[in-house]
Structures are given as structure tokens and as C-alpha cells.
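What follows is protein.csv (CSV, C-alpha atoms).
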chain,number,residue,atom,x,y,z
T,1008,MET,CA,20.8,120.6,110.8
T,1009,THR,CA,22.6,118.5,113.6
T,1010,LYS,CA,20.1,115.6,113.2
T,1011,LEU,CA,20.5,115.8,109.4
T,1012,LEU,CA,24.3,115.6,109.6
T,1013,ILE,CA,24.1,112.6,112.1
T,1014,ARG,CA,21.7,110.8,109.7
T,1015,LEU,CA,24.0,111.4,106.7
T,1016,PHE,CA,27.4,110.6,108.2
T,1017,ILE,CA,26.9,108.4,111.3
T,1018,ARG,CA,26.1,104.7,110.9
T,1019,ASP,CA,24.6,103.0,113.9
T,1020,SER,CA,24.1,106.4,115.5
T,1021,GLN,CA,21.8,104.9,118.2
T,1022,HIS,CA,24.8,103.3,119.8
T,1023,PRO,CA,27.3,106.1,120.6
T,1024,GLU,CA,28.9,103.9,123.3
T,1025,LYS,CA,30.6,101.8,120.7
T,1026,PRO,CA,34.2,102.9,120.1
T,1027,ALA,CA,33.8,103.1,116.3
T,1028,VAL,CA,30.6,105.0,116.4
T,1029,ARG,CA,32.0,107.4,119.0
T,1030,THR,CA,35.0,108.1,116.8
T,1031,ALA,CA,32.7,108.7,113.8
T,1032,TYR,CA,30.8,111.3,115.9
T,1033,GLY,CA,34.1,113.0,116.9
T,1034,ARG,CA,35.4,112.9,113.3
T,1035,MET,CA,32.2,114.5,112.0
T,1036,ALA,CA,32.3,117.3,114.6
T,1037,GLY,CA,36.0,118.0,113.8
T,1038,LEU,CA,35.4,118.3,110.1
T,1039,VAL,CA,32.4,120.5,110.5
T,1040,GLY,CA,34.3,122.7,112.8
T,1041,ILE,CA,37.3,123.0,110.5
T,1042,ALA,CA,35.1,123.9,107.5
T,1043,CYS,CA,33.0,126.5,109.4
T,1044,ASN,CA,36.0,128.2,111.1
T,1045,LEU,CA,38.1,128.4,107.8
T,1046,LEU,CA,35.1,130.1,106.1
T,1047,LEU,CA,34.8,132.5,109.0
T,1048,PHE,CA,38.5,133.2,109.0
T,1049,ALA,CA,38.6,134.0,105.3
T,1050,GLY,CA,35.5,136.3,105.5
T,1051,LYS,CA,36.7,138.2,108.6
T,1052,LEU,CA,40.3,138.6,107.4
T,1053,THR,CA,39.1,140.1,104.1
T,1054,ALA,CA,36.6,142.4,105.8
T,1055,GLY,CA,39.2,143.4,108.4
T,1056,PHE,CA,41.9,144.1,105.8
T,1057,LEU,CA,39.5,146.3,103.7
T,1058,ALA,CA,38.4,148.2,106.8
T,1059,GLY,CA,41.8,148.4,108.4
T,1060,SER,CA,40.4,147.0,111.6
T,1061,ILE,CA,42.7,145.2,114.0
T,1062,ALA,CA,39.7,144.0,116.1
T,1063,ILE,CA,38.1,142.3,113.1
T,1064,MET,CA,41.5,140.8,112.0
T,1065,ALA,CA,42.1,139.6,115.6
T,1066,ASP,CA,38.7,137.9,115.6
T,1067,ALA,CA,39.6,136.3,112.2
T,1068,LEU,CA,42.8,134.9,113.8
T,1069,ASN,CA,40.7,133.6,116.6
T,1070,ASN,CA,38.7,131.6,114.1
T,1071,LEU,CA,41.9,130.3,112.5
T,1072,SER,CA,43.0,129.1,116.0
T,1073,ASP,CA,39.6,127.4,116.3
T,1074,ALA,CA,40.2,125.6,113.0
T,1075,SER,CA,43.6,124.5,114.3
T,1076,SER,CA,41.9,123.3,117.5
T,1077,ASN,CA,39.4,121.3,115.5
T,1078,ILE,CA,42.3,119.6,113.6
T,1079,VAL,CA,44.0,118.7,116.9
T,1080,SER,CA,40.7,117.4,118.3
T,1081,LEU,CA,40.2,115.3,115.1
T,1082,VAL,CA,43.7,113.8,115.5
T,1083,GLY,CA,43.0,113.2,119.2
T,1084,PHE,CA,39.8,111.2,118.4
T,1085,GLN,CA,41.6,109.2,115.8
T,1086,LEU,CA,44.6,108.3,118.0
T,1087,GLY,CA,42.3,107.7,121.0
T,1088,ALA,CA,40.4,105.0,119.0
T,1089,LYS,CA,43.5,102.8,118.8
T,1090,LYS,CA,43.1,99.4,120.4
T,1091,PRO,CA,45.0,98.5,123.5
T,1092,ASP,CA,48.5,97.0,123.0
T,1093,ASN,CA,51.2,95.4,125.1
T,1094,GLU,CA,52.7,98.8,126.0
T,1095,HIS,CA,49.3,100.5,126.6
T,1096,PRO,CA,46.9,97.7,128.0
T,1097,PHE,CA,44.4,100.3,129.1
T,1098,GLY,CA,44.0,101.8,125.6
T,1099,HIS,CA,44.9,105.1,124.1
T,1100,ALA,CA,41.7,107.1,124.9
T,1101,ARG,CA,43.7,109.7,126.9
T,1102,TYR,CA,44.9,111.1,123.6
T,1103,GLU,CA,41.6,113.0,123.6
T,1104,TYR,CA,42.6,114.7,126.8
T,1105,LEU,CA,46.1,115.5,125.4
T,1106,ALA,CA,44.4,117.0,122.3
T,1107,GLY,CA,42.3,119.2,124.5
T,1108,LEU,CA,45.4,120.3,126.4
T,1109,THR,CA,47.1,121.1,123.1
T,1110,VAL,CA,44.1,123.1,121.9
T,1111,SER,CA,44.2,125.1,125.2
T,1112,VAL,CA,47.8,126.0,124.8
T,1113,MET,CA,47.2,127.1,121.2
T,1114,ILE,CA,44.4,129.4,122.4
T,1115,LEU,CA,46.8,131.0,124.9
T,1116,ALA,CA,49.5,131.5,122.2
T,1117,ILE,CA,47.0,133.2,119.9
T,1118,GLY,CA,45.7,135.4,122.7
T,1119,LEU,CA,49.2,136.6,123.5
T,1120,SER,CA,49.9,137.4,119.9
T,1121,LEU,CA,46.6,139.3,119.5
T,1122,LEU,CA,47.3,141.2,122.8
T,1123,LYS,CA,50.6,142.4,121.4
T,1124,GLU,CA,49.2,143.6,118.1
T,1125,SER,CA,46.2,145.3,119.8
T,1126,VAL,CA,48.5,147.2,122.3
T,1127,VAL,CA,50.5,148.5,119.3
T,1128,LYS,CA,47.2,149.8,117.7
T,1129,VAL,CA,46.2,151.5,121.0
T,1130,LEU,CA,49.6,153.3,121.2
T,1131,SER,CA,49.5,154.1,117.5
T,1132,PRO,CA,45.9,154.3,116.3
T,1133,VAL,CA,45.1,154.1,112.6
T,1134,THR,CA,42.0,155.1,110.7
T,1135,VAL,CA,39.3,152.5,110.5
T,1136,THR,CA,37.0,152.5,107.5
T,1137,PHE,CA,33.4,151.6,108.2
T,1138,SER,CA,32.1,148.9,105.9
T,1139,TRP,CA,28.7,147.3,105.7
T,1140,LEU,CA,30.5,144.3,104.4
T,1141,SER,CA,32.3,144.0,107.7
T,1142,VAL,CA,29.0,144.3,109.5
T,1143,GLY,CA,27.4,141.6,107.4
T,1144,VAL,CA,30.4,139.3,107.9
T,1145,LEU,CA,30.4,139.8,111.7
T,1146,CYS,CA,26.6,139.2,111.9
T,1147,ALA,CA,26.9,136.0,109.9
T,1148,SER,CA,29.8,134.9,112.1
T,1149,ILE,CA,27.6,135.3,115.2
T,1150,LEU,CA,24.9,133.2,113.7
T,1151,VAL,CA,27.3,130.5,112.6
T,1152,LYS,CA,29.0,130.4,116.0
T,1153,LEU,CA,25.7,130.1,117.8
T,1154,TRP,CA,24.8,127.1,115.7
T,1155,MET,CA,28.3,125.6,116.3
T,1156,ASN,CA,27.8,126.0,120.0
T,1157,LEU,CA,24.6,124.0,119.9
T,1158,PHE,CA,26.0,121.5,117.5
T,1159,ASN,CA,29.2,120.7,119.5
T,1160,LYS,CA,27.2,120.7,122.8
T,1161,ALA,CA,24.7,118.2,121.4
T,1162,ILE,CA,27.4,115.9,120.0
T,1163,GLY,CA,29.5,116.2,123.2
T,1164,GLU,CA,26.5,115.2,125.3
T,1165,ILE,CA,25.7,112.2,123.0
T,1166,ILE,CA,29.3,110.8,123.2
T,1167,HIS,CA,30.2,112.2,126.7
T,1168,SER,CA,33.2,114.2,125.3
T,1169,GLU,CA,34.7,116.8,127.5
T,1170,THR,CA,36.7,118.0,124.4
T,1171,LEU,CA,33.6,118.8,122.4
T,1172,ILE,CA,31.9,120.3,125.4
T,1173,ALA,CA,34.9,122.6,125.7
T,1174,THR,CA,34.7,123.3,122.0
T,1175,ALA,CA,31.0,124.3,122.4
T,1176,ALA,CA,32.0,126.7,125.2
T,1177,ASP,CA,34.7,128.2,123.0
T,1178,SER,CA,32.1,128.8,120.3
T,1179,ARG,CA,29.9,130.5,122.8
T,1180,ASN,CA,32.9,132.7,123.8
T,1181,ASP,CA,33.4,133.5,120.1
T,1182,VAL,CA,29.8,134.9,120.0
T,1183,VAL,CA,30.7,137.3,122.8
T,1184,THR,CA,34.0,138.4,121.2
T,1185,THR,CA,32.5,138.9,117.8
T,1186,ALA,CA,29.6,140.9,119.2
T,1187,ALA,CA,32.2,143.1,121.0
T,1188,VAL,CA,34.0,143.6,117.7
T,1189,LEU,CA,30.7,144.5,116.0
T,1190,ALA,CA,30.0,147.0,118.7
T,1191,ALA,CA,33.5,148.5,118.3
T,1192,THR,CA,32.9,148.9,114.5
T,1193,PHE,CA,29.9,151.1,115.2
T,1194,LEU,CA,31.5,153.0,118.1
T,1195,VAL,CA,34.5,154.0,115.9
T,1196,ARG,CA,32.2,155.2,113.2
T,1197,PHE,CA,30.0,157.3,115.4
T,1198,THR,CA,32.7,158.6,117.8
T,1199,GLY,CA,35.5,159.0,115.3
T,1200,LEU,CA,38.0,157.6,117.8
T,1201,PRO,CA,40.1,154.9,116.1
T,1202,ILE,CA,41.7,154.0,119.4
T,1203,LEU,CA,38.5,152.2,120.3
T,1204,ASP,CA,39.4,149.5,117.7
T,1205,GLY,CA,42.7,148.8,119.4
T,1206,LEU,CA,41.1,148.8,122.9
T,1207,MET,CA,38.4,146.3,121.7
T,1208,GLY,CA,41.2,144.2,120.3
T,1209,VAL,CA,42.9,144.2,123.8
T,1210,GLY,CA,39.5,143.1,125.2
T,1211,VAL,CA,39.1,140.3,122.7
T,1212,ALA,CA,42.7,139.1,123.4
T,1213,GLY,CA,42.1,139.2,127.2
T,1214,PHE,CA,38.9,137.2,126.8
T,1215,ILE,CA,40.8,134.6,124.7
T,1216,LEU,CA,43.5,134.4,127.3
T,1217,TRP,CA,41.0,134.0,130.1
T,1218,SER,CA,39.2,131.2,128.2
T,1219,GLY,CA,42.5,129.5,127.3
T,1220,ALA,CA,43.6,129.4,130.9
T,1221,GLY,CA,40.3,127.9,132.0
T,1222,LEU,CA,40.5,125.3,129.3
T,1223,ILE,CA,44.0,124.3,130.4
T,1224,LYS,CA,42.8,123.8,133.9
T,1225,ASP,CA,39.9,121.7,132.7
T,1226,THR,CA,42.0,119.5,130.4
T,1227,LEU,CA,44.8,119.0,132.9
T,1228,SER,CA,42.4,117.8,135.6
T,1229,PRO,CA,41.6,114.3,134.1
T,1230,LEU,CA,45.3,113.8,133.2
T,1231,LEU,CA,46.3,114.4,136.8
T,1232,GLY,CA,43.6,112.1,138.1
T,1233,LYS,CA,40.6,114.2,139.2
T,1234,SER,CA,37.9,112.9,141.5
T,1235,PRO,CA,35.1,111.2,139.7
T,1236,ASP,CA,31.8,112.9,139.0
T,1237,PRO,CA,29.6,112.7,142.1
T,1238,ALA,CA,26.7,111.6,140.0
T,1239,LEU,CA,28.8,108.6,138.7
T,1240,VAL,CA,29.8,107.8,142.3
T,1241,LYS,CA,26.2,107.8,143.5
T,1242,HIS,CA,25.1,105.8,140.5
T,1243,ILE,CA,27.7,103.1,141.2
T,1244,GLU,CA,26.9,102.9,144.9
T,1245,ASP,CA,23.1,102.9,144.4
T,1246,LYS,CA,23.3,100.2,141.7
T,1247,ILE,CA,25.5,97.9,143.9
T,1248,LEU,CA,23.3,98.5,147.0
T,1249,SER,CA,20.3,97.4,144.9
T,1250,TYR,CA,21.6,93.8,144.7
T,1251,PRO,CA,20.2,91.4,147.3
T,1252,GLY,CA,22.4,90.7,150.4
T,1253,VAL,CA,24.6,93.8,150.0
T,1254,LEU,CA,24.8,95.7,153.3
T,1255,GLY,CA,27.1,98.6,152.3
T,1256,VAL,CA,29.9,99.8,150.1
T,1257,HIS,CA,33.1,101.8,150.7
T,1258,ASP,CA,36.6,102.5,149.4
T,1259,LEU,CA,35.4,103.2,145.9
T,1260,MET,CA,38.2,104.2,143.4
T,1261,VAL,CA,37.6,105.2,139.8
T,1262,HIS,CA,40.5,105.3,137.3
T,1263,ASP,CA,39.9,107.3,134.1
T,1264,TYR,CA,42.0,106.3,131.1
T,1265,GLY,CA,40.0,108.3,128.7
T,1266,PRO,CA,36.4,108.4,127.4
T,1267,GLY,CA,35.0,104.9,127.5
T,1268,GLN,CA,38.0,103.5,129.4
T,1269,GLN,CA,37.0,103.6,133.1
T,1270,PHE,CA,38.1,101.1,135.7
T,1271,ALA,CA,36.9,101.0,139.3
T,1272,SER,CA,37.4,99.0,142.5
T,1273,ILE,CA,35.2,98.9,145.6
T,1274,HIS,CA,34.6,97.1,148.8
T,1275,ILE,CA,31.2,95.5,149.3
T,1276,GLU,CA,29.9,94.4,152.7
T,1277,PHE,CA,28.0,91.1,152.9
T,1278,PRO,CA,26.7,89.4,156.1
T,1279,ALA,CA,29.5,87.2,157.5
T,1280,GLU,CA,27.0,84.4,158.0
T,1281,SER,CA,26.0,84.2,154.3
T,1282,ASN,CA,27.3,81.4,152.2
T,1283,ILE,CA,30.7,82.4,150.8
T,1284,LEU,CA,30.1,80.7,147.4
T,1285,GLU,CA,26.8,82.5,147.0
T,1286,ALA,CA,28.4,85.8,147.9
T,1287,HIS,CA,31.2,85.2,145.4
T,1288,ASP,CA,28.6,84.4,142.7
T,1289,MET,CA,26.8,87.7,143.5
T,1290,VAL,CA,30.2,89.6,143.2
T,1291,ASP,CA,30.8,88.0,139.8
T,1292,ASN,CA,27.3,89.0,138.7
T,1293,ILE,CA,27.8,92.6,139.8
T,1294,GLU,CA,31.1,92.8,137.9
T,1295,ARG,CA,29.6,91.4,134.8
T,1296,ASP,CA,26.6,93.7,134.9
T,1297,PHE,CA,28.8,96.8,135.2
T,1298,MET,CA,30.9,95.7,132.3
T,1299,ALA,CA,27.9,95.0,130.1
T,1300,GLN,CA,25.6,97.9,131.2
T,1301,GLU,CA,28.0,100.6,132.3
T,1302,HIS,CA,31.1,99.7,130.3
T,1303,ILE,CA,33.1,100.0,133.6
T,1304,LEU,CA,35.6,97.2,134.5
T,1305,LEU,CA,34.8,96.8,138.2
T,1306,THR,CA,36.9,94.9,140.7
T,1307,ILE,CA,35.1,94.0,144.0
T,1308,HIS,CA,36.6,93.2,147.4
T,1309,TYR,CA,34.3,91.2,149.6
T,1310,ASP,CA,34.0,92.4,153.2
T,1311,PRO,CA,32.2,90.1,155.7
T,1312,VAL,CA,30.2,92.0,158.3
T,1313,VAL,CA,29.0,90.3,161.4
T,1314,THR,CA,25.3,90.9,161.8
T,1315,THR,CA,24.4,88.3,164.5
T,1316,ASP,CA,26.6,89.8,167.2
T,1317,ALA,CA,24.5,92.5,168.9
T,1318,ALA,CA,27.6,94.0,170.6
T,1319,VAL,CA,29.3,94.7,167.2
T,1320,GLY,CA,26.2,96.3,165.7
T,1321,GLU,CA,25.6,98.4,168.8
T,1322,MET,CA,29.2,99.6,168.9
T,1323,ARG,CA,29.2,100.4,165.2
T,1324,SER,CA,26.0,102.5,165.6
T,1325,TYR,CA,27.4,104.2,168.7
T,1326,LEU,CA,30.7,105.2,167.2
T,1327,LYS,CA,29.1,106.4,163.9
T,1328,ALA,CA,26.9,108.7,165.9
T,1329,ARG,CA,29.7,110.1,167.9
T,1330,LEU,CA,31.9,110.5,164.8
T,1331,LYS,CA,29.1,112.3,163.0
T,1332,ALA,CA,28.9,114.8,166.0
T,1333,LEU,CA,32.7,115.2,166.0
T,1334,GLU,CA,33.3,115.4,162.3
T,1335,PRO,CA,30.3,115.3,159.8
T,1336,VAL,CA,32.5,114.8,156.8
T,1337,ALA,CA,34.2,111.6,158.2
T,1338,ASP,CA,32.9,108.0,158.2
T,1339,LEU,CA,34.0,104.6,159.5
T,1340,HIS,CA,33.7,101.1,158.3
T,1341,ASP,CA,35.0,97.5,158.7
T,1342,LEU,CA,34.4,97.6,162.4
T,1343,ARG,CA,34.9,94.4,164.4
T,1344,LEU,CA,35.5,93.4,168.0
T,1345,VAL,CA,38.4,91.2,169.1
T,1346,PRO,CA,37.9,90.2,172.7
T,1347,GLY,CA,40.8,89.3,175.0
T,1348,PRO,CA,41.4,88.5,178.7
T,1349,THR,CA,42.1,92.1,179.7
T,1350,HIS,CA,40.6,94.2,177.0
T,1351,THR,CA,38.6,94.1,173.7
T,1352,ASN,CA,40.1,95.6,170.6
T,1353,VAL,CA,37.7,97.7,168.6
T,1354,VAL,CA,39.2,97.6,165.1
T,1355,PHE,CA,37.9,99.8,162.3
T,1356,ASP,CA,38.9,102.1,159.4
T,1357,LEU,CA,38.4,105.9,159.7
T,1358,CYS,CA,37.7,107.5,156.4
T,1359,LEU,CA,38.5,111.2,155.9
T,1360,PRO,CA,38.3,113.4,152.8
T,1361,ALA,CA,41.5,113.8,150.8
T,1362,ASP,CA,41.6,117.5,151.5
T,1363,TYR,CA,40.8,117.1,155.3
T,1364,LYS,CA,42.2,120.1,157.2
T,1365,GLY,CA,41.2,119.1,160.7
T,1366,ASP,CA,43.4,117.6,163.5
T,1367,ARG,CA,43.5,113.9,162.7
T,1368,ALA,CA,45.3,113.0,165.9
T,1369,ALA,CA,42.7,114.9,168.0
T,1370,LEU,CA,39.8,113.1,166.1
T,1371,VAL,CA,41.4,109.7,166.7
T,1372,ALA,CA,41.9,110.5,170.4
T,1373,ALA,CA,38.3,111.6,170.7
T,1374,LEU,CA,37.0,108.3,169.2
T,1375,ARG,CA,39.2,106.3,171.6
T,1376,ALA,CA,37.8,108.3,174.5
T,1377,ALA,CA,34.3,107.7,173.3
T,1378,ALA,CA,34.9,104.0,173.1
T,1379,LYS,CA,36.2,104.1,176.7
T,1380,GLU,CA,33.1,105.8,177.8
T,1381,LYS,CA,31.1,102.9,176.3
T,1382,ASP,CA,33.2,100.3,178.1
T,1383,GLU,CA,36.5,100.8,179.9
T,1384,LYS,CA,37.8,97.5,178.3
T,1385,TYR,CA,37.4,98.8,174.8
T,1386,ASN,CA,40.6,99.7,173.1
T,1387,CYS,CA,40.4,101.3,169.6
T,1388,VAL,CA,42.7,100.2,166.8
T,1389,ILE,CA,42.1,102.7,164.1
T,1390,GLN,CA,43.4,102.7,160.5
T,1391,VAL,CA,43.1,106.3,159.1
T,1392,GLU,CA,42.6,106.5,155.4
T,1393,HIS,CA,41.5,109.2,152.9
T,1394,SER,CA,38.7,108.8,150.4
T,1395,TYR,CA,39.3,108.9,146.7
T,1396,VAL,CA,35.7,110.1,146.2
T,1397,SER,CA,33.5,111.3,149.1
T,1398,CYS,CA,33.1,109.6,152.5
T,1399,ASP,CA,29.6,108.2,152.8
T,1400,GLU,CA,27.8,106.6,155.5
T,1401,ASN,CA,27.8,102.9,154.8

Could you express the structure from this file as C-alpha cells?
Amino acid sequence: MTKLLIRLFIRDSQHPEKPAVRTAYGRMAGLVGIACNLLLFAGKLTAGFLAGSIAIMADALNNLSDASSNIVSLVGFQLGAKKPDNEHPFGHARYEYLAGLTVSVMILAIGLSLLKESVVKVLSPVTVTFSWLSVGVLCASILVKLWMNLFNKAIGEIIHSETLIATAADSRNDVVTTAAVLAATFLVRFTGLPILDGLMGVGVAGFILWSGAGLIKDTLSPLLGKSPDPALVKHIEDKILSYPGVLGVHDLMVHDYGPGQQFASIHIEFPAESNILEAHDMVDNIERDFMAQEHILLTIHYDPVVTTDAAVGEMRSYLKARLKALEPVADLHDLRLVPGPTHTNVVFDLCLPADYKGDRAALVAALRAAAKEKDEKYNCVIQVEHSYVSCDEN
């Protein structure tokens, strides 16, 4: 069914990286979600009203909230597709993240409302009428939501949309809640305890609240500037290191302005003895390749590394080994020796994770002592910095 919908409604579906195609995928997913959830809402509300079941009606309202979420996601995709302008030169793709946050808040609001109604039913139980119509509607809902989970997950993976991946997870959660309501329907019939309907409504509401809280956390993270995906970091570093002449990379920063709008900067180490014009040409080639192949606007800082001075190479290897023994999560780069009449400055950057909990002053003192052990004339000049990704050995 998913392939059929793509074939019918998506032109140029083989190029989801194109903004217009990506928006078309998002629009299709939103419209399909709205249609399915409205049908489920109508069916469950009717069945719940006829049976007098708060759990079924609570599940119906959950589907209505899902339809509202699909509308918000649809609007988010449309606004996110707007081209950059003078006020927003990095584009408007973060609208998709804002849409996801709005959806999460709506889920929390629905959960709180359902919790209130369910608690009332627990305190004042009412008779629930068993109906095979209700059973049929709930079974159909489970099947539809299973398909919607697979559908949204597939589209989300095609266009790399966190919003649709979250929607797929929400559909999976709906399968669980609807199955719980179905179980409550049979339990009430066979036990004759109507309070079970209210208790199951409380459980459904709690599950919705838990899911909404998790979604808020997930959608807030990119807006606050979360660390990039480790797989993306590794891909960027490995790709750059594959170019001839590149000795190492460090200080990678990735800025996410929404799906398809990623900017990055990185320092690349080249031999100091290489031709500067050739090195600059290589930097230009790498930046162009990333724009064309990865759709990432990459800015590169060129760092010359002395490779013909044996003392520099020996000191770099020595301090890296000592640092690894002292603090495995740390790294150093940009090491150079500046000799003088009375001492030699060993200048380098010390890279620590952003959440480093150790004693920075003690680590710096230990490195200075290690340099003195190597040569009493060595004096460390250390710039401590934190990594925006992970500190790697380069």
C-alpha cells in the first residue's frame, strides 16, 4: 500500500533529498494520517457511546488528537519548505521541529483531560454494555494503526524526518492502548466490574502522558542544539580523511537548522611543507563535494602540521600517550614547539567532552609535569576547549 501511494502521489520519488519532493512526501503522510485518524475517531466514539465505555471514548479522543497532530505536522512541512529570505537566511526548516513540539504539547493536554474523566469513572462507575460492534471497531483500529506505524516509519526513513518517525512511534503506542481497551471490554463483561473500564481509562491516559513527555524531550532537543548523530560525525570525518594529503581533523561543529539545512565547520590538518595553493584547492574541492553529495554547507579551516621536525612528532606522540593514560576521553591537537634561549614552549589545544566532570586543573598540571619529564626545558602552553561532538584521536 505504501509503495502504491508513493507511486500515485509523489513525482520524482527517487530523489527525496530535493526540497519539493520531501515536502510532497510529508504532505502525503499528513493527509493519510488525518483521513485514517478521523475515521477511527468516528468509529470508536460511536462504539464507545453505544456501550457507555469511557475507555473506548478515551481511545477515540486519542485518535482525534492524532488527527490534530497530523494537521500540525502538515502545516510544519508546508512552512518548512519556504525558501530562505533576508530575515531567515538559513531557511525555515525548523518549522518542522516546532510542529513536532506543538504535537507533543497537544498529546499532553489530551492525556490530562482523559485522566480527569477516567478518574471520575473510577470514583463513580457506570454500567458498560458489551457490544460486538465495539470489539470489531477496536480490532479494526489495531490493524489500521499497525499499518500506519509501518507507513510513517517508511516515509520518515526515506526523507529522514524525526517528526514522522515520532508519528510512527505514536501509532505503535496506539496499538498498545487500543489493545488494552479491548482487553478491558472483555474483562468488564466476564467479571461484571464496571470500575475496570475507568481503571483502563486511567492506564490509557497515563500511557498517553508518558508518550507525550518523551516526545516533548525529543522535539526540544534539536531546537536547543543537540549534539549531531555519531554516525554523521564519523561519516564526515572518514570522508575528509579519505582525501589525499589530509593528516587529521578536529574541532567539528554541526549546526542543524532543520531537515536538509545542515551547516558544519571543521579544522583539517595538512603537512606544513605542502604547497599552500594546492592545499587550498583541496579544501575547495572537499567543500564542493560535501555540498553536492551530502547537502551540507561545510566551512574548512586549514591547519598546517609540521611533519619534517622529528622533535615535534615525537613530542606529539609522547603527550598523546600520556594523555590517554590520564584521561581516555580527552585528546590534543595543533601541537607545535616554539624554542627560546631558556625554554621551549610546547603549545597545543586540549580537547575535553562538553560534559567533562573531571578536574581540568589537575589534568593540565599532569600534562605539564609529563612534558618536564621529557625535557626540563619544555614549558606547556595549553588551551583547554570542549568538543561539540566527541573528542577523537587525530

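Remark: for T:Ala1031, the closest of the candidate residues T:Asp1225, T:Asp1019, T:Glu1244, T:Asp1236 is T:Asp1019 (distances computed over all atoms listed in the file).
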
Find the residues of stretch 1032-1145 of chain T that sit at most 9 Å from stretch 1165-1181 of chain T; for each, write down the nearest two atoms and how far apart they are in Å, to one decimal. Count all atoms listed in the file. Sort by chain, then by number going up, and give it as CSV.
residue,atom,partner,partner_atom,distance
T:Tyr1032,CA,T:Ile1166,CA,7.5
T:Gly1033,CA,T:Leu1171,CA,8.0
T:Ala1036,CA,T:Leu1171,CA,8.0
T:Gly1037,CA,T:Leu1171,CA,9.0
T:Asp1066,CA,T:Asp1181,CA,8.2
T:Asn1069,CA,T:Asp1181,CA,8.1
T:Asn1070,CA,T:Asp1181,CA,8.2
T:Asp1073,CA,T:Asp1177,CA,8.3
T:Ser1076,CA,T:Thr1174,CA,8.5
T:Asn1077,CA,T:Thr1174,CA,8.3
T:Ser1080,CA,T:Thr1170,CA,7.3
T:Glu1103,CA,T:Thr1170,CA,7.0
T:Tyr1104,CA,T:Thr1170,CA,7.2
T:Ala1106,CA,T:Thr1170,CA,8.0
T:Gly1107,CA,T:Thr1170,CA,5.7

* Residue neighbourhood T:Asn1292, 12 Å, only C-alpha atoms, exclusion window fewer than 3 positions, as a PyMOL selection string -> chain T and resi 1247+1250-1251+1285-1289+1295-1300+1305-1307

* Asked: Do you know which residues are at most 8 Å from T:Lys1128 counting only C-alpha atoms, after dropping those on the same chain fewer than 2 positions away, and could you put them as number ranges by chain?
  -> T: 1061, 1124-1126, 1130-1133, 1202, 1204-1205

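Distances to T:Val1182 were evaluated for T:Leu1222, T:Ile1078, T:Ile1215, T:Ala1377 using all atoms listed in the file, and the minimum falls at T:Ile1215.
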
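Computed from the coordinates, the atom CA of T:Gln1021 to atom CA of T:His1302 distance equals 16.1 Å.
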
Starting from the structure just given, write a file holding stretch 1190-1201 of chain T with N, CA and C atoms, as an mmCIF file, in the first residue's frame.
data_model
loop_
_atom_site.group_PDB
_atom_site.id
_atom_site.type_symbol
_atom_site.label_atom_id
_atom_site.label_comp_id
_atom_site.auth_asym_id
_atom_site.auth_seq_id
_atom_site.Cartn_x
_atom_site.Cartn_y
_atom_site.Cartn_z
ATOM 1 N N ALA T 1190 -8.974 -5.377 25.847
ATOM 2 C CA ALA T 1190 -8.896 -6.305 26.974
ATOM 3 C C ALA T 1190 -9.871 -5.898 28.078
ATOM 4 N N ALA T 1191 -9.981 -4.570 28.330
ATOM 5 C CA ALA T 1191 -10.904 -4.080 29.363
ATOM 6 C C ALA T 1191 -12.350 -4.407 29.007
ATOM 7 N N THR T 1192 -12.677 -4.335 27.713
ATOM 8 C CA THR T 1192 -14.042 -4.633 27.270
ATOM 9 C C THR T 1192 -14.443 -6.058 27.652
ATOM 10 N N PHE T 1193 -13.537 -7.000 27.431
ATOM 11 C CA PHE T 1193 -13.831 -8.390 27.784
ATOM 12 C C PHE T 1193 -13.800 -8.607 29.297
ATOM 13 N N LEU T 1194 -12.868 -7.923 29.996
ATOM 14 C CA LEU T 1194 -12.781 -8.084 31.446
ATOM 15 C C LEU T 1194 -14.060 -7.610 32.138
ATOM 16 N N VAL T 1195 -14.581 -6.468 31.694
ATOM 17 C CA VAL T 1195 -15.816 -5.946 32.296
ATOM 18 C C VAL T 1195 -16.972 -6.923 32.070
ATOM 19 N N ARG T 1196 -17.029 -7.503 30.876
ATOM 20 C CA ARG T 1196 -18.136 -8.438 30.578
ATOM 21 C C ARG T 1196 -18.060 -9.681 31.452
ATOM 22 N N PHE T 1197 -16.860 -10.249 31.605
ATOM 23 C CA PHE T 1197 -16.746 -11.526 32.304
ATOM 24 C C PHE T 1197 -16.647 -11.385 33.819
ATOM 25 N N THR T 1198 -16.243 -10.209 34.297
ATOM 26 C CA THR T 1198 -16.141 -10.021 35.755
ATOM 27 C C THR T 1198 -17.317 -9.258 36.332
ATOM 28 N N GLY T 1199 -17.996 -8.481 35.467
ATOM 29 C CA GLY T 1199 -19.114 -7.675 35.945
ATOM 30 C C GLY T 1199 -18.677 -6.505 36.809
ATOM 31 N N LEU T 1200 -17.418 -6.080 36.658
ATOM 32 C CA LEU T 1200 -16.892 -4.964 37.449
ATOM 33 C C LEU T 1200 -16.696 -3.750 36.547
ATOM 34 N N PRO T 1201 -17.644 -2.817 36.493
ATOM 35 C CA PRO T 1201 -17.527 -1.645 35.602
ATOM 36 C C PRO T 1201 -16.371 -0.725 35.960
#
